[in-house]
Structures are given as C-alpha cells and as structure tokens.
$ cat data_27.pdb   # PDB, C-alpha atoms and all ligand atoms
MODEL        1
ATOM      1  CA  MET A   1      -9.487 -15.800 -43.681  1.00  0.00           C
ATOM      2  CA  ARG A   2      -7.719 -13.391 -41.431  1.00  0.00           C
ATOM      3  CA  ASP A   3      -8.799 -13.537 -37.860  1.00  0.00           C
ATOM      4  CA  ARG A   4      -9.862  -9.933 -37.605  1.00  0.00           C
ATOM      5  CA  TYR A   5     -12.877 -10.653 -39.744  1.00  0.00           C
ATOM      6  CA  TYR A   6     -14.178 -12.944 -37.063  1.00  0.00           C
ATOM      7  CA  SER A   7     -14.066 -10.317 -34.433  1.00  0.00           C
ATOM      8  CA  ILE A   8     -17.046  -9.112 -32.525  1.00  0.00           C
ATOM      9  CA  LEU A   9     -15.538  -5.914 -31.333  1.00  0.00           C
ATOM     10  CA  GLY A  10     -17.135  -4.321 -28.327  1.00  0.00           C
ATOM     11  CA  ASN A  11     -15.534  -2.405 -25.520  1.00  0.00           C
ATOM     12  CA  LYS A  12     -14.909  -2.513 -21.823  1.00  0.00           C
ATOM     13  CA  CYS A  13     -15.066   0.164 -19.176  1.00  0.00           C
ATOM     14  CA  ALA A  14     -11.575   0.610 -17.759  1.00  0.00           C
ATOM     15  CA  ASP A  15     -13.023   1.911 -14.514  1.00  0.00           C
ATOM     16  CA  CYS A  16     -15.689  -0.631 -13.534  1.00  0.00           C
ATOM     17  CA  GLY A  17     -15.019  -3.498 -15.939  1.00  0.00           C
ATOM     18  CA  GLN A  18     -18.453  -3.595 -17.560  1.00  0.00           C
ATOM     19  CA  GLU A  19     -18.348  -4.852 -21.178  1.00  0.00           C
ATOM     20  CA  TYR A  20     -20.508  -3.627 -24.040  1.00  0.00           C
ATOM     21  CA  PHE A  21     -21.549  -4.633 -27.505  1.00  0.00           C
ATOM     22  CA  PRO A  22     -22.075  -2.647 -29.574  1.00  0.00           C
ATOM     23  CA  PRO A  23     -19.400  -0.418 -28.032  1.00  0.00           C
ATOM     24  CA  LEU A  24     -20.543   2.607 -26.067  1.00  0.00           C
ATOM     25  CA  SER A  25     -18.764   5.918 -25.563  1.00  0.00           C
ATOM     26  CA  VAL A  26     -20.082   6.330 -22.021  1.00  0.00           C
ATOM     27  CA  CYS A  27     -20.368   3.518 -19.492  1.00  0.00           C
ATOM     28  CA  ARG A  28     -23.997   2.910 -18.505  1.00  0.00           C
ATOM     29  CA  LYS A  29     -22.960   1.664 -15.115  1.00  0.00           C
ATOM     30  CA  CYS A  30     -20.473   4.265 -13.843  1.00  0.00           C
ATOM     31  CA  HIS A  31     -20.721   6.975 -16.540  1.00  0.00           C
ATOM     32  CA  SER A  32     -16.999   6.785 -17.231  1.00  0.00           C
ATOM     33  CA  THR A  33     -15.790   7.731 -20.701  1.00  0.00           C
ATOM     34  CA  ASN A  34     -12.675   5.612 -20.248  1.00  0.00           C
ATOM     35  CA  LEU A  35     -13.675   2.681 -22.449  1.00  0.00           C
ATOM     36  CA  ARG A  36     -11.298   0.463 -24.416  1.00  0.00           C
ATOM     37  CA  ASP A  37     -11.827  -1.837 -27.387  1.00  0.00           C
ATOM     38  CA  LYS A  38     -12.442  -5.385 -26.308  1.00  0.00           C
ATOM     39  CA  GLN A  39     -13.113  -8.546 -28.279  1.00  0.00           C
ATOM     40  CA  MET A  40     -16.297 -10.233 -27.237  1.00  0.00           C
ATOM     41  CA  PRO A  41     -16.166 -13.974 -26.504  1.00  0.00           C
ATOM     42  CA  ARG A  42     -17.247 -16.218 -29.361  1.00  0.00           C
ATOM     43  CA  ASN A  43     -19.276 -18.541 -27.208  1.00  0.00           C
ATOM     44  CA  GLY A  44     -22.679 -17.943 -25.762  1.00  0.00           C
ATOM     45  CA  THR A  45     -26.084 -19.333 -24.877  1.00  0.00           C
ATOM     46  CA  LEU A  46     -29.377 -18.955 -26.689  1.00  0.00           C
ATOM     47  CA  LEU A  47     -31.935 -16.994 -24.663  1.00  0.00           C
ATOM     48  CA  SER A  48     -34.730 -16.709 -27.216  1.00  0.00           C
ATOM     49  CA  TYR A  49     -35.221 -17.006 -30.946  1.00  0.00           C
ATOM     50  CA  THR A  50     -37.524 -16.239 -33.809  1.00  0.00           C
ATOM     51  CA  MET A  51     -37.944 -16.983 -37.480  1.00  0.00           C
ATOM     52  CA  GLN A  52     -38.484 -14.383 -40.141  1.00  0.00           C
ATOM     53  CA  LYS A  53     -40.359 -15.772 -43.109  1.00  0.00           C
ATOM     54  CA  GLU A  54     -40.590 -12.656 -45.236  1.00  0.00           C
ATOM     55  CA  SER A  55     -37.566 -11.954 -47.325  1.00  0.00           C
ATOM     56  CA  LEU A  56     -35.611  -8.751 -47.306  1.00  0.00           C
ATOM     57  CA  PRO A  57     -34.031  -7.463 -50.514  1.00  0.00           C
ATOM     58  CA  GLY A  58     -30.682  -9.174 -50.887  1.00  0.00           C
ATOM     59  CA  PHE A  59     -31.507 -11.965 -48.441  1.00  0.00           C
ATOM     60  CA  GLU A  60     -33.911 -14.052 -50.547  1.00  0.00           C
ATOM     61  CA  ASP A  61     -31.499 -16.968 -50.776  1.00  0.00           C
ATOM     62  CA  GLN A  62     -31.236 -17.252 -47.007  1.00  0.00           C
ATOM     63  CA  GLU A  63     -34.880 -17.423 -46.073  1.00  0.00           C
ATOM     64  CA  PRO A  64     -36.347 -18.338 -43.761  1.00  0.00           C
ATOM     65  CA  MET A  65     -33.912 -16.505 -41.541  1.00  0.00           C
ATOM     66  CA  MET A  66     -33.613 -17.328 -37.866  1.00  0.00           C
ATOM     67  CA  PHE A  67     -32.507 -14.814 -35.287  1.00  0.00           C
ATOM     68  CA  GLY A  68     -31.560 -15.367 -31.698  1.00  0.00           C
ATOM     69  CA  LEU A  69     -30.873 -13.351 -28.602  1.00  0.00           C
ATOM     70  CA  VAL A  70     -27.517 -14.677 -27.452  1.00  0.00           C
ATOM     71  CA  ARG A  71     -25.949 -14.163 -24.051  1.00  0.00           C
ATOM     72  CA  LEU A  72     -22.203 -14.254 -24.538  1.00  0.00           C
ATOM     73  CA  ASP A  73     -19.930 -15.799 -21.948  1.00  0.00           C
ATOM     74  CA  ASN A  74     -19.163 -12.355 -20.535  1.00  0.00           C
ATOM     75  CA  GLY A  75     -22.861 -11.637 -19.984  1.00  0.00           C
ATOM     76  CA  VAL A  76     -23.291  -9.280 -22.955  1.00  0.00           C
ATOM     77  CA  LYS A  77     -26.463  -9.948 -24.956  1.00  0.00           C
ATOM     78  CA  ILE A  78     -26.516  -9.600 -28.712  1.00  0.00           C
ATOM     79  CA  VAL A  79     -28.987 -10.372 -31.495  1.00  0.00           C
ATOM     80  CA  ALA A  80     -27.569 -12.463 -34.323  1.00  0.00           C
ATOM     81  CA  GLN A  81     -28.626 -14.651 -37.199  1.00  0.00           C
ATOM     82  CA  LEU A  82     -28.628 -18.384 -36.408  1.00  0.00           C
ATOM     83  CA  VAL A  83     -27.250 -20.865 -38.935  1.00  0.00           C
ATOM     84  CA  ASP A  84     -26.433 -24.569 -39.289  1.00  0.00           C
ATOM     85  CA  VAL A  85     -29.474 -25.558 -37.275  1.00  0.00           C
ATOM     86  CA  SER A  86     -33.147 -26.241 -37.923  1.00  0.00           C
ATOM     87  CA  TYR A  87     -35.722 -24.061 -36.248  1.00  0.00           C
ATOM     88  CA  GLU A  88     -37.341 -27.162 -34.748  1.00  0.00           C
ATOM     89  CA  SER A  89     -34.148 -28.178 -32.969  1.00  0.00           C
ATOM     90  CA  LEU A  90     -33.521 -24.809 -31.365  1.00  0.00           C
ATOM     91  CA  GLU A  91     -34.171 -24.447 -27.684  1.00  0.00           C
ATOM     92  CA  ARG A  92     -33.331 -22.023 -24.938  1.00  0.00           C
ATOM     93  CA  GLY A  93     -29.976 -22.792 -23.418  1.00  0.00           C
ATOM     94  CA  THR A  94     -28.458 -24.119 -26.640  1.00  0.00           C
ATOM     95  CA  ASN A  95     -24.714 -23.487 -26.614  1.00  0.00           C
ATOM     96  CA  LEU A  96     -23.663 -21.362 -29.567  1.00  0.00           C
ATOM     97  CA  ARG A  97     -20.475 -20.100 -31.095  1.00  0.00           C
ATOM     98  CA  ALA A  98     -19.781 -17.299 -33.519  1.00  0.00           C
ATOM     99  CA  VAL A  99     -19.005 -18.311 -37.095  1.00  0.00           C
ATOM    100  CA  PHE A 100     -17.901 -16.203 -40.023  1.00  0.00           C
ATOM    101  CA  ARG A 101     -20.362 -16.177 -42.905  1.00  0.00           C
ATOM    102  CA  ARG A 102     -21.598 -14.307 -45.902  1.00  0.00           C
ATOM    103  CA  ILE A 103     -24.176 -11.787 -44.722  1.00  0.00           C
ATOM    104  CA  ARG A 104     -25.508 -10.673 -48.061  1.00  0.00           C
ATOM    105  CA  SER A 105     -24.440 -10.047 -51.590  1.00  0.00           C
ATOM    106  CA  ASN A 106     -25.245  -7.082 -53.737  1.00  0.00           C
ATOM    107  CA  GLY A 107     -26.275  -8.566 -57.075  1.00  0.00           C
ATOM    108  CA  GLU A 108     -25.598  -5.417 -59.067  1.00  0.00           C
ATOM    109  CA  SER A 109     -22.114  -4.642 -57.818  1.00  0.00           C
ATOM    110  CA  GLY A 110     -21.114  -8.210 -57.028  1.00  0.00           C
ATOM    111  CA  GLN A 111     -20.044  -7.013 -53.623  1.00  0.00           C
ATOM    112  CA  ILE A 112     -20.279  -9.550 -50.826  1.00  0.00           C
ATOM    113  CA  PHE A 113     -20.503  -8.669 -47.174  1.00  0.00           C
ATOM    114  CA  TYR A 114     -19.266 -10.951 -44.428  1.00  0.00           C
ATOM    115  CA  GLY A 115     -19.781 -11.003 -40.724  1.00  0.00           C
ATOM    116  CA  TYR A 116     -20.559 -13.150 -37.754  1.00  0.00           C
ATOM    117  CA  LYS A 117     -23.526 -15.430 -37.201  1.00  0.00           C
ATOM    118  CA  PHE A 118     -24.109 -18.023 -34.515  1.00  0.00           C
ATOM    119  CA  ALA A 119     -24.249 -21.798 -34.873  1.00  0.00           C
ATOM    120  CA  PRO A 120     -24.649 -24.596 -32.309  1.00  0.00           C
ATOM    121  CA  SER A 121     -21.238 -25.196 -30.774  1.00  0.00           C
ATOM    122  CA  ARG A 122     -21.653 -28.963 -30.566  1.00  0.00           C
ATOM    123  CA  LYS A 123     -21.737 -29.258 -34.353  1.00  0.00           C
ATOM    124  CA  ILE A 124     -18.474 -28.967 -36.238  1.00  0.00           C
ATOM    125  CA  THR A 125     -19.071 -26.948 -39.374  1.00  0.00           C
ATOM    126  CA  GLY A 126     -16.687 -27.011 -42.256  1.00  0.00           C
ATOM    127  CA  ALA A 127     -18.697 -24.749 -44.483  1.00  0.00           C
ATOM    128  CA  SER A 128     -16.636 -22.096 -46.146  1.00  0.00           C
ATOM    129  CA  GLU A 129     -19.502 -19.951 -47.384  1.00  0.00           C
TER
HETATM  130 ZN    ZN A 201     -17.938   1.752 -15.981  1.00  0.00          ZN
ENDMDL
END
$ encode --input "data_27.pdb" --output "structure tokens" --more "lines below"
Ligand SMILES: [Zn+2]
Amino acid sequence: MRDRYYSILGNKCADCGQEYFPPLSVCRKCHSTNLRDKQMPRNGTLLSYTMQKESLPGFEDQEPMMFGLVRLDNGVKIVAQLVDVSYESLERGTNLRAVFRRIRSNGESGQIFYGYKFAPSRKITGASE
C-alpha cells in the first residue's frame, strides 16, 4: 500500500502554529487564512469511547462498531472507529495508533473504500484487511 493512503491530512496555521483536523480554511485561534496542509500524527490517546450496536447499511459485517474520541499527539481530537480490541478492554488513556483498513464495501458495485481507524499501539497487527 502506498503511504499516502495512510495519511490523516489536516492543516496547520502558518501564523500561530495551531493544527486542525479536519482542515479549516480560517484559523479559529488567530483568524488567519494562511493555513498549510499538514499530516496529523498517527499516535494518540483514547479520551472516551462508545459502541454502536445497530448496523448501518454497508457496515453489517463490522458490527458492533466501536468509536473513540482520540487525542492525537499534537493535541488535535478526532473521532475514529476502533479496531483490534474488545470493548471490555478499552479504557481511557489507552495508547492508540492509526491503521489502514477497509471502511466499507458497496455490494452492488464491488467498490471498496479504505481509510484510517485506530488500534491499540501495544498490539502488533499484521492484518491486511
Ligand atoms: Zn492561527
């Protein structure tokens, strides 16, 4: 897999240094419009989490889905699906890292969408899904 698919692309204010994900066109802190693309760090910490038991169309094979609020190493908070972990073993403060996974597949077209999810960083995952 080419590395760009792993990217969590946000941006950074060139004037005050604040980083954002998703990227903003105007800095919330200093109102500058001078923002540049910036890769977000792949490591973060779990702040809170939840489980979604009801399936969404196209996601039936992934239920129950777990979602977490993750604070990345640069302080940016993002919501992401959690994988490679049981709900029972999750706890606040768990160290996480971004992994590249199948998000969903469209059964009719056969199209598959990929993107990032978060897994515990202490576990080495070799899954190629
Ligand atoms: Zn700024």
$ residues_near_ligand --input "data_27.pdb" --ligand "ligand ZN 201 (chain A)" --cutoff "10 Å" --atoms "only C-alpha atoms and all ligand atoms" --output "PDB file with C-alpha atoms, keeping the file's coordinate frame"
ATOM      1  CA  LYS A  12     -14.909  -2.513 -21.823  1.00  0.00           C
ATOM      2  CA  CYS A  13     -15.066   0.164 -19.176  1.00  0.00           C
ATOM      3  CA  ALA A  14     -11.575   0.610 -17.759  1.00  0.00           C
ATOM      4  CA  ASP A  15     -13.023   1.911 -14.514  1.00  0.00           C
ATOM      5  CA  CYS A  16     -15.689  -0.631 -13.534  1.00  0.00           C
ATOM      6  CA  GLY A  17     -15.019  -3.498 -15.939  1.00  0.00           C
ATOM      7  CA  GLN A  18     -18.453  -3.595 -17.560  1.00  0.00           C
ATOM      8  CA  GLU A  19     -18.348  -4.852 -21.178  1.00  0.00           C
ATOM      9  CA  VAL A  26     -20.082   6.330 -22.021  1.00  0.00           C
ATOM     10  CA  CYS A  27     -20.368   3.518 -19.492  1.00  0.00           C
ATOM     11  CA  ARG A  28     -23.997   2.910 -18.505  1.00  0.00           C
ATOM     12  CA  LYS A  29     -22.960   1.664 -15.115  1.00  0.00           C
ATOM     13  CA  CYS A  30     -20.473   4.265 -13.843  1.00  0.00           C
ATOM     14  CA  HIS A  31     -20.721   6.975 -16.540  1.00  0.00           C
ATOM     15  CA  SER A  32     -16.999   6.785 -17.231  1.00  0.00           C
ATOM     16  CA  THR A  33     -15.790   7.731 -20.701  1.00  0.00           C
ATOM     17  CA  ASN A  34     -12.675   5.612 -20.248  1.00  0.00           C
ATOM     18  CA  LEU A  35     -13.675   2.681 -22.449  1.00  0.00           C
TER      19      LEU A  35
END
$ atom_distance --input "data_27.pdb" --atom1 "CA of Tyr116 (chain A)" --atom2 "CA of Val99 (chain A)"
5.4 Å
$ resolve_selection --input "data_27.pdb" --expression "the PyMOL selection byres (((chain A and resi 75) around 10) and not hetatm)" --output "VMD selection string"
chain A and resid 18 to 20 40 to 41 44 to 45 70 to 74 76 to 78
$ atom_distance --input "data_27.pdb" --atom1 "CA of Leu69 (chain A)" --atom2 "CA of Met51 (chain A)"
11.9 Å
$ closest_residue --input "data_27.pdb" --among "A:Glu63, A:Leu90, A:Gly58, A:Ala80" --to "Gln111 (chain A)" --atoms "all atoms listed in the file"
A:Gly58
